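Student: Input: one structure, supplied below.
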Number of protein chains: 2
Amino acid sequence: MRKSIATVSVSGTLAEKLEAIAAAGFDGVEIFENDLLACPLSPEEARARAADLGLGIDLYQPFRDFEAVPAEVLARNLRRAEHKFRLMERLGADLLLVCSNVSPAAIDDDELAAEQLRLLAERAAEHGIRIAYEALAWGRHVNEYLHAWRIARLADHPNLGVCLDSFHILSRGSDPIGIEAIPGEKIFFLQLADAPLLAMDVLQWSRHYRCFPGQGNFDLAGLVASVRRTGYAGPLSLEVFNDVFRQASAERTALDGMRSLIALEQELDGTAQPAVPAGFAFAELADTGALGGVLSALGFARTGRHPTKPVELWEQGGARLLLNATGADPALVAIGLDSPDPAGAAKHAESLLSPVLPRERAPEEARLEAVAAPDGTEIFFCDDAWLTDFAPSGPVPGPVTGIDHVALTQPRHHFDEAELFYRSVLGLRPQESLELPDPYGLLRSKAMSGPGGAVRVVVNIAQVGADHLPWQHVALACDDVVAVARRLRREQPGLLLPIPGNYYDDLEARHEVDPELRDLGVLYDRDEHGEFLHVYTVTVGRVFFEIVQRIGGYEGYGAGNAPVRLAVQHARGH
Amino acid sequence: MRKSIATVSVSGTLAEKLEAIAAAGFDGVEIFENDLLACPLSPEEARARAADLGLGIDLYQPFRDFEAVPAEVLARNLRRAEHKFRLMERLGADLLLVCSNVSPAAIDDDELAAEQLRLLAERAAEHGIRIAYEALAWGRHVNEYLHAWRIARLADHPNLGVCLDSFHILSRGSDPIGIEAIPGEKIFFLQLADAPLLAMDVLQWSRHYRCFPGQGNFDLAGLVASVRRTGYAGPLSLEVFNDVFRQASAERTALDGMRSLIALEQELDGTAQPAVPAGFAFAELADTGALGGVLSALGFARTGRHPTKPVELWEQGGARLLLNATGADPALVAIGLDSPDPAGAAKHAESLLSPVLPRERAPEEARLEAVAAPDGTEIFFCDDAWLTDFAPSGPVPGPVTGIDHVALTQPRHHFDEAELFYRSVLGLRPQESLELPDPYGLLRSKAMSGPGGAVRVVVNIAQVGADHLPWQHVALACDDVVAVARRLRREQPGLLLPIPGNYYDDLEARHEVDPELRDLGVLYDRDEHGEFLHVYTVTVGRVFFEIVQRIGGYEGYGAGNAPVRLAVQHARGH
C-alpha cells in the first residue's frame, strides 16, 4: 500500500521534514498546516519541493470547527474554507481533513452537521477538492468514527467521505470492526498512530504520547485489516504527536516510521518472519583487561581466542562471553543469538531497514550475520559455526547455566525505536514496563522476551542528572544462587555488591525467608507464579553482572529490588 | 510552625538528603521507607546522623494496605507492623503513617476498618508509637479525608489520629473546610504539596507532578488556615513526588521547599510584603558591542554612561536599556524594577532566601539593592537614584513608551522555582501556561504579571534538541506598531524578522485584517478583550527585541504566533 506520513510527525522546518520523509522512502505526505504557516516557501515552492523529492501531497490538515454551527458562524467558516481551497490549489493538494467540531458553539444536530458538510463538499468540488471528515476522540458532539460516517452518509455528496484515525478510534476503546460497514470508496484517508496505555485526558494523551505502530499497546494490525476488507485503496499514513520525536533527528524518526509500516504490512500479509532466537549464543563486552578478573572470580575460564581479532572466549556451563580488547571502557557491545537461519534472519532485519554491519574476516573464518540495534549494540545471528573460529578447549563446569537476560540502557530518543526493533526484527514480546526510582532520577524500564523466555532483553532509559553514567549488565542464570553466593562471599570478598541490612528488615517483615539471604546479600522477589533470587557483582566501567535463579513460573526481573541496587551502586561512586 | 519535609522530596542517598534538608533549615524529616531500605546506614546510624544535623524524625512512612482485611491477612499485616514498630524504635520515630488500603482484598466496611486500626493502635502504643491514618485520593474504599477521620473517630484510641495531605484532599476537589470539624489533637500530621491542574489519573498526577506550595494551582493557604483553626500544633511538612526534583540538586530543592513554607507562613500571618514593582526601571543586557547598532536602528539613543563601570544607558520614550560591555555574548542579565522601598524589597526577598547580590560601588554612587532570580538574572529594586549615576543627557522622543515584558528562558530544573520566586518575592500572579511547538521540540511558557500589567515576566523552558540555544527577549511597548514597522522596514532593512506569506494567508482566512500587516510583516492576535500587534527584530547572540501594541483589554502575548517566529528564527540559523 502507499505509505505517507504527516509532517508534524518529524522535527525540523518543512523543507527538512520533506527531505527526511523522502529519504526514508515514503510516497506521500500530509501537510500539517502549522508547518506550512511557519515556512518561508510559498505553497507553489513547497509543492515543487515535494515533487522534486518524489512525494505526493496526499492531504492538507486540519480544518477545524466547521460543522453544526449557527448561520452567521457558517458564513465565516465558508469564507475561511474558500481561503484554504485556494491555498490547496496552489499547493497541489486535493484532500482536506475536517475534524469534528470541538467548539462550545457547536450544535448537537446531525442533520445540521450533514447539511453544512454537504455545502462544504459542494464548494470543495468546485476546486476539485474532496473533504475527509474525522471524528476527534474529544469532539464536542461527534467523537465516534461511526457517528462521523453516519453524518457523511446523510450528507451524501461524492466529495465527502471520512478520515479514520487509529488513535481516535482505539483511544476510546471503540471496536474497529464497524469500519467494515463503511464502503471502501467513502474512506478517503487512513491515519495510523499507536500509543502506550495511559490513564490521562485523551487530548493530552494524543498530543504528547502517540507513537508509531508496534511501539504502543493498540492492535493496529486488526484495525488495518478491517480497513483493507472495505477495499480502501488510499495510503497508510502515520500521524504522530510525540514530545520525544519532536526533539529527535528527522531522518531517524522518518526511517523508524517507515520501519513501522513495513512491519505492519508484513504482519498483515503474513510475510513477517522474525528471526526468533533459540537462545543467547554469547554476549560480547568491550574490555581494557579488567573484566577477565571478574569472570575468573565468577568461575568462568578462558577457553579460546579469535585467530585474527583481539577477542577471547570465556565459558562457564552454558554461558559464553566474549571479551574484546578494544581498549574502550568496559561496556556491553554485542549480543549473539542462536538462529536456525542466520542469513534469513539478517535478510529479515534488513527488510525492516536495520543497518547490516559489514564484517571483515579472513577467508577461513566463519561468516557472521549482524545488524545494529537502535542503541548501536551489534546483534549477531549465529549457528554453531562461529564457535569454531575460537577453537574452544572444551566445556567449563560451573553452576552458571546460561545467559538469562541482558539489560541495555538506551538514549531517551531510541526507547520507542528499540521496542519496535526487538519486536519486529527478533519477534520479542513486551513484558512489563516500569518506572523505578533512582537516587538521582528515574529509571524507565521495558522488558521484552521471546517464546519460553529463551531470550530476554531489558531496555532502560535513565532519566537522571547528566553526570550519572547509565549502566548495562549481563544476567547469568543458575539453579542455586545461594550456593553460588556462599562460595563467592567466602572466596571472592568484594566481588558481590553489599546489600543493606535495612533491605532485609523489610523483606523479613513481608515474607518468611531464609535468614541466610541476609548473611549472603541475596535479593529476593516473589509473585503469584514463583520466586526469584539474585545477586549483583560490583561495576566495572559501565558493566556489571547479575546471577539469577528463577523458581517456578516467575517471569519478572526483581524490579522492586532495583532501587536498592541503584542506591548501593551510586553510593559506591560507580 | 515547625517545618519538615519528606526525604522523597529531594534527590540523593539518605545521607545526602538529610544534609541538604538540614542545610536548608528544616526542623525535621519524614523518613520515606524506600530511602531507608536502600541506605547502608543502620537505623541507629541514621537516627544519629539526623540528630547530629539537628533534625527530628517526625514521621516514618508509608505503611500500606493494612485495614479492613480478612482475618488471615490481618494476622500477616500485624506481623508486618510489629517489624516496623521495632524498626521505628531503633530509628527513634514515634509516628507511623498508615495509608488507606488500595488492595482489591480490602473490604468496604468502616466498622471493620476501625476495629483493625484500633488493634494496630493498641500494638503501637506498646512501643510508644502513634498511628496517623491518611485517605489516599485513590484509596479503594477510603479516599476522602473526612471518611478517614470518621473511621479514626469510630476506632477511638488515643494513639490513632489522622494525617492530612493537601494533595489527596485538593486533587479530588474536596473542600478543606471540613478539617475544622476535626479536633486539632487528632490531626497527627499535615503534609503539604501543591500541583498544577492536570487532567490525568490522580495516582500518576501525584507520583510525578507534585510541587511545592506556590508552584501549582491549589489554595494551600486556605487549607492550612483551616488546619490552624483546629489548634493543630504539629509540623508543616512537605511531601513532593516530582520527576524534575528527583534529578535536581538536593541542596537547591530543599532550599526552595523552605522558601515555599516561609512564603506560606507569611501569607497566613499577613506578614507577606512582596515588593510589587510599579514598572520596569530598566533591562540590562550583556554586550560585545553588537547591540548598540540594533538599539540605534530601533530609535534608541545613548544618553549616559556609568562613571565607573562599562555600562551605557540607552533611552527611547519611557524605555531604558543598559548595555554592559562584559565581553560576554549578548544576553539579558538584569532587570531593574521601580520599587517604592528598595531596601524593604530586598529585605523581603532575603526573608524568602533569595541570594542578595553584593554590589561594589564607589562611595558617591547610588546604592542598589539586588537579588538573584533562580536562573541567575539579577533583579534590582530601584527608586530614581540609580539614574543619577548615569547623568543622562535628557529624554529621547520616540514611539516606544516603555518595556512591556521580558522573556527569560529557564533551565528545566528551575521552572517551578522561578514561579515561586516571581510570585512570592515580587507579588506577580501567574497568567497563562502554554506549550508551544518549536521546529525542534516544545517551548513551555508561563506568563506572570503584576497589578495592572505594570510588570510582566514570561518564563520559558525550551525542551529542544541540545544544540539549540534558548533565546531571551525584551518586548517594548508602543502605541502604533504599524507606523513603527513602516519606518523600520523602509529605513532599516534586515532589522525586523521576515514573516512568511503563508502566515498571512491563514490570518486573512481567520480575520479581516489590514493588508498592510502582510506588507510590513506585523503579526496579529485577538481575543475577546482586544487586539495585539507585534514585530520582532533579528537575533543578536541570545537576544532579540519585540515591539508590541496592546489594543483594548488584550492581556496575552500573541502566543499563537510564537511557533511562526521560532521557525523563522531557526531557519535563519540563530
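Residues are referred to by chain and number: the chain letter is A, B, ... according to the order shown in the C-alpha cells, the number counts from 1 in that chain, and ligands are numbered separately from 1 in the order shown.
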Extract, using only C-alpha atoms, all DNA, RNA and protein residues at most 12 Å from B:Ser296, discarding same-chain residues fewer than 6 positions from it, and format them as a PDB file with N, CA, C and O atoms, in the first residue's frame.

Tutor:
ATOM      1  N   ALA B 290      27.621  44.689  19.793  1.00  0.00           N
ATOM      2  CA  ALA B 290      26.700  44.479  18.668  1.00  0.00           C
ATOM      3  C   ALA B 290      25.327  45.105  18.910  1.00  0.00           C
ATOM      4  O   ALA B 290      24.597  45.396  17.964  1.00  0.00           O
ATOM      5  N   ARG B 302      22.015  56.686  22.974  1.00  0.00           N
ATOM      6  CA  ARG B 302      22.782  56.556  24.205  1.00  0.00           C
ATOM      7  C   ARG B 302      22.706  57.881  24.944  1.00  0.00           C
ATOM      8  O   ARG B 302      23.060  58.924  24.391  1.00  0.00           O
ATOM      9  N   THR B 303      22.252  57.844  26.208  1.00  0.00           N
ATOM     10  CA  THR B 303      22.053  59.096  26.940  1.00  0.00           C
ATOM     11  C   THR B 303      22.944  59.205  28.156  1.00  0.00           C
ATOM     12  O   THR B 303      22.909  60.219  28.855  1.00  0.00           O
ATOM     13  N   TRP B 314      20.803  53.587  27.412  1.00  0.00           N
ATOM     14  CA  TRP B 314      20.155  53.902  26.141  1.00  0.00           C
ATOM     15  C   TRP B 314      18.681  54.147  26.429  1.00  0.00           C
ATOM     16  O   TRP B 314      18.058  53.415  27.198  1.00  0.00           O
ATOM     17  N   GLU B 315      18.117  55.178  25.774  1.00  0.00           N
ATOM     18  CA  GLU B 315      16.727  55.524  26.071  1.00  0.00           C
ATOM     19  C   GLU B 315      15.919  55.777  24.807  1.00  0.00           C
ATOM     20  O   GLU B 315      16.458  56.176  23.777  1.00  0.00           O
ATOM     21  N   GLN B 316      14.656  55.520  24.928  1.00  0.00           N
ATOM     22  CA  GLN B 316      13.676  55.977  23.937  1.00  0.00           C
ATOM     23  C   GLN B 316      12.336  56.044  24.639  1.00  0.00           C
ATOM     24  O   GLN B 316      11.904  55.036  25.243  1.00  0.00           O
ATOM     25  N   LEU B 321      17.311  51.046  28.589  1.00  0.00           N
ATOM     26  CA  LEU B 321      18.078  49.802  28.494  1.00  0.00           C
ATOM     27  C   LEU B 321      19.522  50.098  28.859  1.00  0.00           C
ATOM     28  O   LEU B 321      20.051  51.165  28.534  1.00  0.00           O
ATOM     29  N   VAL B 396      14.662  61.069  25.119  1.00  0.00           N
ATOM     30  CA  VAL B 396      14.783  60.790  23.693  1.00  0.00           C
ATOM     31  C   VAL B 396      13.393  60.503  23.166  1.00  0.00           C
ATOM     32  O   VAL B 396      12.793  59.493  23.549  1.00  0.00           O
ATOM     33  N   GLY B 398      10.332  59.257  20.887  1.00  0.00           N
ATOM     34  CA  GLY B 398      10.209  58.066  20.046  1.00  0.00           C
ATOM     35  C   GLY B 398       8.914  57.367  20.367  1.00  0.00           C
ATOM     36  O   GLY B 398       8.278  57.661  21.390  1.00  0.00           O
ATOM     37  N   LEU B 488      10.671  51.242  10.013  1.00  0.00           N
ATOM     38  CA  LEU B 488      11.831  50.341  10.128  1.00  0.00           C
ATOM     39  C   LEU B 488      12.034  49.517   8.851  1.00  0.00           C
ATOM     40  O   LEU B 488      13.155  49.295   8.426  1.00  0.00           O
ATOM     41  N   GLU B 491      13.611  52.102   6.491  1.00  0.00           N
ATOM     42  CA  GLU B 491      14.907  52.709   6.800  1.00  0.00           C
ATOM     43  C   GLU B 491      15.938  51.727   7.325  1.00  0.00           C
ATOM     44  O   GLU B 491      17.127  52.016   7.309  1.00  0.00           O
ATOM     45  N   GLN B 492      15.466  50.597   7.832  1.00  0.00           N
ATOM     46  CA  GLN B 492      16.393  49.643   8.450  1.00  0.00           C
ATOM     47  C   GLN B 492      16.159  48.256   7.884  1.00  0.00           C
ATOM     48  O   GLN B 492      15.815  47.324   8.619  1.00  0.00           O
ATOM     49  N   LEU B 495      16.429  44.596   9.701  1.00  0.00           N
ATOM     50  CA  LEU B 495      16.359  44.668  11.162  1.00  0.00           C
ATOM     51  C   LEU B 495      15.234  43.793  11.717  1.00  0.00           C
ATOM     52  O   LEU B 495      15.405  43.099  12.721  1.00  0.00           O
TER      53      LEU B 495
END

Student: As number ranges by chain, please: the residues near stretch 9-24 of chain A (cut-off 8 Å, only C-alpha atoms, same-chain neighbours under 4 positions excluded).

Tutor: A: 5, 29, 35-36, 39, 46, 49-50, 53-55, 238-242, 245-251, 253-255, 258; B: 439-441, 567, 571

Student: Could those selected residues go to a file with N, CA and C atoms, as an mmCIF file, in the first residue's frame?

Tutor:
data_model
loop_
_atom_site.group_PDB
_atom_site.id
_atom_site.type_symbol
_atom_site.label_atom_id
_atom_site.label_comp_id
_atom_site.auth_asym_id
_atom_site.auth_seq_id
_atom_site.Cartn_x
_atom_site.Cartn_y
_atom_site.Cartn_z
ATOM 1 N N ILE A 5 3.096 10.056 5.566
ATOM 2 C CA ILE A 5 3.327 10.470 6.949
ATOM 3 C C ILE A 5 3.002 11.955 7.062
ATOM 4 N N VAL A 29 2.973 12.765 1.667
ATOM 5 C CA VAL A 29 2.910 13.419 2.978
ATOM 6 C C VAL A 29 1.534 14.027 3.199
ATOM 7 N N ASP A 35 3.028 23.643 9.935
ATOM 8 C CA ASP A 35 4.345 23.524 9.308
ATOM 9 C C ASP A 35 4.444 24.417 8.082
ATOM 10 N N LEU A 36 3.335 24.571 7.379
ATOM 11 C CA LEU A 36 3.344 25.445 6.200
ATOM 12 C C LEU A 36 3.347 26.919 6.623
ATOM 13 N N CYS A 39 6.612 28.447 7.336
ATOM 14 C CA CYS A 39 7.623 28.111 6.339
ATOM 15 C C CYS A 39 7.820 29.261 5.360
ATOM 16 N N ALA A 46 6.679 24.921 -2.082
ATOM 17 C CA ALA A 46 6.586 23.697 -1.282
ATOM 18 C C ALA A 46 6.119 22.539 -2.166
ATOM 19 N N ARG A 49 9.005 21.494 -4.262
ATOM 20 C CA ARG A 49 9.996 20.791 -3.457
ATOM 21 C C ARG A 49 9.571 19.340 -3.231
ATOM 22 N N ALA A 50 8.291 19.158 -2.872
ATOM 23 C CA ALA A 50 7.784 17.803 -2.653
ATOM 24 C C ALA A 50 7.874 16.986 -3.942
ATOM 25 N N LEU A 53 11.220 15.775 -4.757
ATOM 26 C CA LEU A 53 11.623 14.676 -3.865
ATOM 27 C C LEU A 53 10.805 13.413 -4.120
ATOM 28 N N GLY A 54 9.884 13.472 -5.062
ATOM 29 C CA GLY A 54 9.060 12.299 -5.368
ATOM 30 C C GLY A 54 7.937 12.067 -4.387
ATOM 31 N N LEU A 55 7.555 13.131 -3.672
ATOM 32 C CA LEU A 55 6.486 12.985 -2.675
ATOM 33 C C LEU A 55 5.185 13.588 -3.190
ATOM 34 N N LEU A 238 1.047 7.800 8.605
ATOM 35 C CA LEU A 238 1.390 7.962 10.022
ATOM 36 C C LEU A 238 1.107 9.392 10.470
ATOM 37 N N GLU A 239 0.441 9.549 11.598
ATOM 38 C CA GLU A 239 0.274 10.884 12.171
ATOM 39 C C GLU A 239 0.544 10.793 13.666
ATOM 40 N N VAL A 240 1.707 11.271 14.042
ATOM 41 C CA VAL A 240 2.170 11.086 15.415
ATOM 42 C C VAL A 240 2.545 12.430 16.026
ATOM 43 N N PHE A 241 1.998 12.693 17.202
ATOM 44 C CA PHE A 241 2.408 13.845 18.016
ATOM 45 C C PHE A 241 3.154 13.261 19.210
ATOM 46 N N ASN A 242 4.428 13.576 19.323
ATOM 47 C CA ASN A 242 5.226 12.936 20.360
ATOM 48 C C ASN A 242 6.338 13.895 20.790
ATOM 49 N N PHE A 245 9.854 12.621 19.823
ATOM 50 C CA PHE A 245 10.113 12.685 18.378
ATOM 51 C C PHE A 245 10.379 14.127 17.951
ATOM 52 N N ARG A 246 9.682 15.069 18.569
ATOM 53 C CA ARG A 246 9.845 16.475 18.203
ATOM 54 C C ARG A 246 11.283 16.944 18.371
ATOM 55 N N GLN A 247 11.983 16.325 19.325
ATOM 56 C CA GLN A 247 13.351 16.756 19.613
ATOM 57 C C GLN A 247 14.397 15.887 18.926
ATOM 58 N N ALA A 248 13.956 14.828 18.258
ATOM 59 C CA ALA A 248 14.900 13.849 17.699
ATOM 60 C C ALA A 248 15.260 14.207 16.264
ATOM 61 N N SER A 249 16.178 13.450 15.703
ATOM 62 C CA SER A 249 16.576 13.643 14.310
ATOM 63 C C SER A 249 15.426 13.272 13.372
ATOM 64 N N ALA A 250 15.123 14.172 12.429
ATOM 65 C CA ALA A 250 14.026 13.909 11.488
ATOM 66 C C ALA A 250 14.316 12.674 10.636
ATOM 67 N N GLU A 251 15.545 12.529 10.208
ATOM 68 C CA GLU A 251 15.914 11.396 9.342
ATOM 69 C C GLU A 251 15.631 10.087 10.068
ATOM 70 N N THR A 253 13.745 9.519 12.739
ATOM 71 C CA THR A 253 12.332 9.311 13.052
ATOM 72 C C THR A 253 11.578 8.841 11.805
ATOM 73 N N ALA A 254 11.853 9.481 10.670
ATOM 74 C CA ALA A 254 11.153 9.097 9.438
ATOM 75 C C ALA A 254 11.461 7.649 9.079
ATOM 76 N N LEU A 255 12.724 7.268 9.235
ATOM 77 C CA LEU A 255 13.115 5.890 8.919
ATOM 78 C C LEU A 255 12.411 4.906 9.855
ATOM 79 N N MET A 258 8.877 4.501 8.740
ATOM 80 C CA MET A 258 8.797 3.590 7.593
ATOM 81 C C MET A 258 8.928 2.141 8.055
ATOM 82 N N PRO B 439 10.205 24.049 15.993
ATOM 83 C CA PRO B 439 10.570 23.049 14.980
ATOM 84 C C PRO B 439 11.375 21.890 15.553
ATOM 85 N N TYR B 440 12.108 22.128 16.635
ATOM 86 C CA TYR B 440 12.956 21.068 17.184
ATOM 87 C C TYR B 440 12.546 20.668 18.594
ATOM 88 N N GLY B 441 11.291 20.872 18.935
ATOM 89 C CA GLY B 441 10.840 20.472 20.258
ATOM 90 C C GLY B 441 9.611 21.244 20.693
ATOM 91 N N ALA B 567 10.110 29.241 14.135
ATOM 92 C CA ALA B 567 10.522 28.574 12.893
ATOM 93 C C ALA B 567 11.380 29.504 12.054
ATOM 94 N N ALA B 571 15.210 28.856 11.078
ATOM 95 C CA ALA B 571 15.560 28.757 9.656
ATOM 96 C C ALA B 571 16.687 29.731 9.312
#

Student: Output as a PyMOL selection string all residues of stretch 33-247 of chain A that backbone DSSP marks as alpha helix (DSSP H).

Tutor: chain A and resi 33-37+43-52+71-91+110-126+145-155+166-170+202-209+220-229+243-247

Student: Which of these residues is nearest to chain B, using only C-alpha atoms: A:Ala105, A:Ile551, A:Ala137, A:Val244?

Tutor: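 Among A:Ala105, A:Ile551, A:Ala137, A:Val244, it is A:Val244 that comes nearest to chain B.
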
Student: Determine which residues of stretch 208-363 of chain B receive a DSSP assignment of strand (DSSP E or B), computed from the backbone, and state them as a ChimeraX atom specification.

Tutor: /B:211,236-238,242,279-286,301-305,311-316,319-324,331-338,356

Student: Could you work out how far atom CA of B:Phe544 lies from atom CA of B:Thr326, giving the answer in Å with one decimal?

Tutor: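 Atom CA of B:Thr326 sits 17.9 Å away from atom CA of B:Phe544.
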
Student: For A:Thr388, work out the shell of residues within 12 Å, counting only C-alpha atoms and skipping chain neighbours fewer than 6 positions away, then give it as an MDAnalysis selection string.

Tutor: chainID A and resid 303:307 313 364:367 382 394

Student: Write out the residues from the selection above, keeping all heavy atoms, as a PDB file, in the first residue's frame.

Tutor:
ATOM      1  N   THR A 303      38.536 -20.049  27.244  1.00  0.00           N
ATOM      2  CA  THR A 303      38.609 -21.328  26.525  1.00  0.00           C
ATOM      3  C   THR A 303      39.038 -21.158  25.085  1.00  0.00           C
ATOM      4  O   THR A 303      39.185 -22.157  24.375  1.00  0.00           O
ATOM      5  CB  THR A 303      37.240 -22.039  26.542  1.00  0.00           C
ATOM      6  OG1 THR A 303      36.277 -21.145  25.930  1.00  0.00           O
ATOM      7  CG2 THR A 303      36.793 -22.364  27.944  1.00  0.00           C
ATOM      8  N   GLY A 304      39.185 -19.909  24.632  1.00  0.00           N
ATOM      9  CA  GLY A 304      39.602 -19.771  23.237  1.00  0.00           C
ATOM     10  C   GLY A 304      39.911 -18.337  22.903  1.00  0.00           C
ATOM     11  O   GLY A 304      39.651 -17.417  23.695  1.00  0.00           O
ATOM     12  N   ARG A 305      40.539 -18.169  21.731  1.00  0.00           N
ATOM     13  CA  ARG A 305      40.857 -16.829  21.231  1.00  0.00           C
ATOM     14  C   ARG A 305      40.508 -16.784  19.762  1.00  0.00           C
ATOM     15  O   ARG A 305      40.661 -17.779  19.043  1.00  0.00           O
ATOM     16  CB  ARG A 305      42.366 -16.562  21.313  1.00  0.00           C
ATOM     17  CG  ARG A 305      42.922 -16.361  22.672  1.00  0.00           C
ATOM     18  CD  ARG A 305      44.467 -16.247  22.534  1.00  0.00           C
ATOM     19  NE  ARG A 305      45.092 -16.319  23.844  1.00  0.00           N
ATOM     20  CZ  ARG A 305      45.294 -15.272  24.626  1.00  0.00           C
ATOM     21  NH1 ARG A 305      44.896 -14.072  24.233  1.00  0.00           N
ATOM     22  NH2 ARG A 305      45.872 -15.401  25.803  1.00  0.00           N
ATOM     23  N   HIS A 306      40.103 -15.616  19.326  1.00  0.00           N
ATOM     24  CA  HIS A 306      39.837 -15.448  17.898  1.00  0.00           C
ATOM     25  C   HIS A 306      41.174 -15.426  17.150  1.00  0.00           C
ATOM     26  O   HIS A 306      42.144 -14.842  17.654  1.00  0.00           O
ATOM     27  CB  HIS A 306      39.057 -14.155  17.656  1.00  0.00           C
ATOM     28  CG  HIS A 306      38.453 -14.064  16.289  1.00  0.00           C
ATOM     29  ND1 HIS A 306      39.155 -13.610  15.202  1.00  0.00           N
ATOM     30  CD2 HIS A 306      37.233 -14.429  15.819  1.00  0.00           C
ATOM     31  CE1 HIS A 306      38.376 -13.658  14.117  1.00  0.00           C
ATOM     32  NE2 HIS A 306      37.190 -14.156  14.482  1.00  0.00           N
ATOM     33  N   PRO A 307      41.230 -16.053  15.979  1.00  0.00           N
ATOM     34  CA  PRO A 307      42.518 -16.159  15.292  1.00  0.00           C
ATOM     35  C   PRO A 307      43.074 -14.801  14.823  1.00  0.00           C
ATOM     36  O   PRO A 307      44.286 -14.616  14.774  1.00  0.00           O
ATOM     37  CB  PRO A 307      42.220 -17.061  14.095  1.00  0.00           C
ATOM     38  CG  PRO A 307      40.739 -17.024  13.916  1.00  0.00           C
ATOM     39  CD  PRO A 307      40.164 -16.786  15.268  1.00  0.00           C
ATOM     40  N   LEU A 313      37.307 -15.918  24.174  1.00  0.00           N
ATOM     41  CA  LEU A 313      36.071 -16.609  24.571  1.00  0.00           C
ATOM     42  C   LEU A 313      36.224 -17.069  26.009  1.00  0.00           C
ATOM     43  O   LEU A 313      37.224 -17.706  26.360  1.00  0.00           O
ATOM     44  CB  LEU A 313      35.840 -17.810  23.651  1.00  0.00           C
ATOM     45  CG  LEU A 313      34.708 -18.783  24.052  1.00  0.00           C
ATOM     46  CD1 LEU A 313      33.342 -18.106  23.982  1.00  0.00           C
ATOM     47  CD2 LEU A 313      34.741 -20.035  23.171  1.00  0.00           C
ATOM     48  N   GLU A 364      39.247 -17.995   5.918  1.00  0.00           N
ATOM     49  CA  GLU A 364      38.894 -19.257   6.571  1.00  0.00           C
ATOM     50  C   GLU A 364      37.912 -19.078   7.725  1.00  0.00           C
ATOM     51  O   GLU A 364      37.453 -20.043   8.321  1.00  0.00           O
ATOM     52  CB  GLU A 364      40.175 -19.965   7.056  1.00  0.00           C
ATOM     53  CG  GLU A 364      40.857 -19.332   8.251  1.00  0.00           C
ATOM     54  CD  GLU A 364      41.701 -18.106   7.868  1.00  0.00           C
ATOM     55  OE1 GLU A 364      41.615 -17.621   6.681  1.00  0.00           O
ATOM     56  OE2 GLU A 364      42.419 -17.596   8.723  1.00  0.00           O
ATOM     57  N   GLU A 365      37.578 -17.791   8.085  1.00  0.00           N
ATOM     58  CA  GLU A 365      36.734 -17.583   9.250  1.00  0.00           C
ATOM     59  C   GLU A 365      35.248 -17.743   8.928  1.00  0.00           C
ATOM     60  O   GLU A 365      34.816 -17.563   7.799  1.00  0.00           O
ATOM     61  CB  GLU A 365      36.960 -16.170   9.810  1.00  0.00           C
ATOM     62  CG  GLU A 365      38.306 -16.027  10.513  1.00  0.00           C
ATOM     63  CD  GLU A 365      38.625 -14.570  10.814  1.00  0.00           C
ATOM     64  OE1 GLU A 365      37.669 -13.783  10.948  1.00  0.00           O
ATOM     65  OE2 GLU A 365      39.807 -14.238  10.872  1.00  0.00           O
ATOM     66  N   ALA A 366      34.480 -18.018   9.998  1.00  0.00           N
ATOM     67  CA  ALA A 366      33.031 -18.178   9.843  1.00  0.00           C
ATOM     68  C   ALA A 366      32.419 -16.851   9.428  1.00  0.00           C
ATOM     69  O   ALA A 366      32.833 -15.788   9.890  1.00  0.00           O
ATOM     70  CB  ALA A 366      32.426 -18.640  11.167  1.00  0.00           C
ATOM     71  N   ARG A 367      31.455 -16.912   8.533  1.00  0.00           N
ATOM     72  CA  ARG A 367      30.727 -15.718   8.136  1.00  0.00           C
ATOM     73  C   ARG A 367      29.719 -15.391   9.241  1.00  0.00           C
ATOM     74  O   ARG A 367      29.016 -16.258   9.749  1.00  0.00           O
ATOM     75  CB  ARG A 367      30.001 -16.026   6.816  1.00  0.00           C
ATOM     76  CG  ARG A 367      29.135 -14.881   6.347  1.00  0.00           C
ATOM     77  CD  ARG A 367      28.599 -15.134   4.941  1.00  0.00           C
ATOM     78  NE  ARG A 367      27.412 -14.319   4.733  1.00  0.00           N
ATOM     79  CZ  ARG A 367      27.461 -12.999   4.532  1.00  0.00           C
ATOM     80  NH1 ARG A 367      28.622 -12.383   4.470  1.00  0.00           N
ATOM     81  NH2 ARG A 367      26.341 -12.306   4.383  1.00  0.00           N
ATOM     82  N   CYS A 382      23.575 -16.304  14.837  1.00  0.00           N
ATOM     83  CA  CYS A 382      24.620 -17.322  14.838  1.00  0.00           C
ATOM     84  C   CYS A 382      24.054 -18.722  14.717  1.00  0.00           C
ATOM     85  O   CYS A 382      23.069 -19.063  15.383  1.00  0.00           O
ATOM     86  CB  CYS A 382      25.392 -17.312  16.157  1.00  0.00           C
ATOM     87  SG  CYS A 382      25.946 -15.693  16.681  1.00  0.00           S
ATOM     88  N   GLY A 394      37.164 -26.713  25.369  1.00  0.00           N
ATOM     89  CA  GLY A 394      36.237 -27.685  25.954  1.00  0.00           C
ATOM     90  C   GLY A 394      35.405 -27.051  27.045  1.00  0.00           C
ATOM     91  O   GLY A 394      35.661 -25.927  27.457  1.00  0.00           O
TER      92      GLY A 394
END

Student: Quick one: pull the distance between atom CA of B:Val371 and atom CA of B:His405, Å, one decimal.

Tutor: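 That distance, rounded to one decimal, is 19.1 Å.
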
Student: I'd like to know which of B:Val224, B:Val457, B:Leu197, B:Ala334 is closest to B:Phe380, using only C-alpha atoms.

Tutor: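 Counting only C-alpha atoms, the residue closest to B:Phe380 is B:Ala334.
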
Student: Quick one: everything within 12 Å of B:Leu353, counting only C-alpha atoms, minus sequence neighbours fewer than 6 positions away in the same chain. Send it as a list in words.

Tutor: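 In the requested form, the answer reads Ala24, Gly25, Arg252, Ala254, Leu255, Asp256, Gly257, Met258, Arg259, Ser260, Leu261, Ile262, Ala263, Ala346, Lys347, Val371, Ala372, Ala373, Pro374, Glu417, Leu420, Phe421, Ser424 and Val425 of chain B.
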
Student: Using only C-alpha atoms, I'd like a table of the residues in stretch 123-179 of chain A that come within 10 Å of stretch 57-73 of chain A; for each, show the closest atom pair and its distance in Å rounded to one decimal, ordered by chain and ascending number, as JSON lines.

Tutor:
{"residue": "A:Arg130", "atom": "CA", "partner": "A:Leu59", "partner_atom": "CA", "distance": 9.7}
{"residue": "A:Ile131", "atom": "CA", "partner": "A:Leu59", "partner_atom": "CA", "distance": 9.7}
{"residue": "A:Ala132", "atom": "CA", "partner": "A:Leu59", "partner_atom": "CA", "distance": 9.1}
{"residue": "A:Tyr133", "atom": "CA", "partner": "A:Phe63", "partner_atom": "CA", "distance": 9.5}
{"residue": "A:Glu134", "atom": "CA", "partner": "A:Pro62", "partner_atom": "CA", "distance": 9.8}
{"residue": "A:Gly139", "atom": "CA", "partner": "A:Asp65", "partner_atom": "CA", "distance": 9.4}
{"residue": "A:Arg140", "atom": "CA", "partner": "A:Asp65", "partner_atom": "CA", "distance": 9.7}
{"residue": "A:His141", "atom": "CA", "partner": "A:Ala68", "partner_atom": "CA", "distance": 9.5}
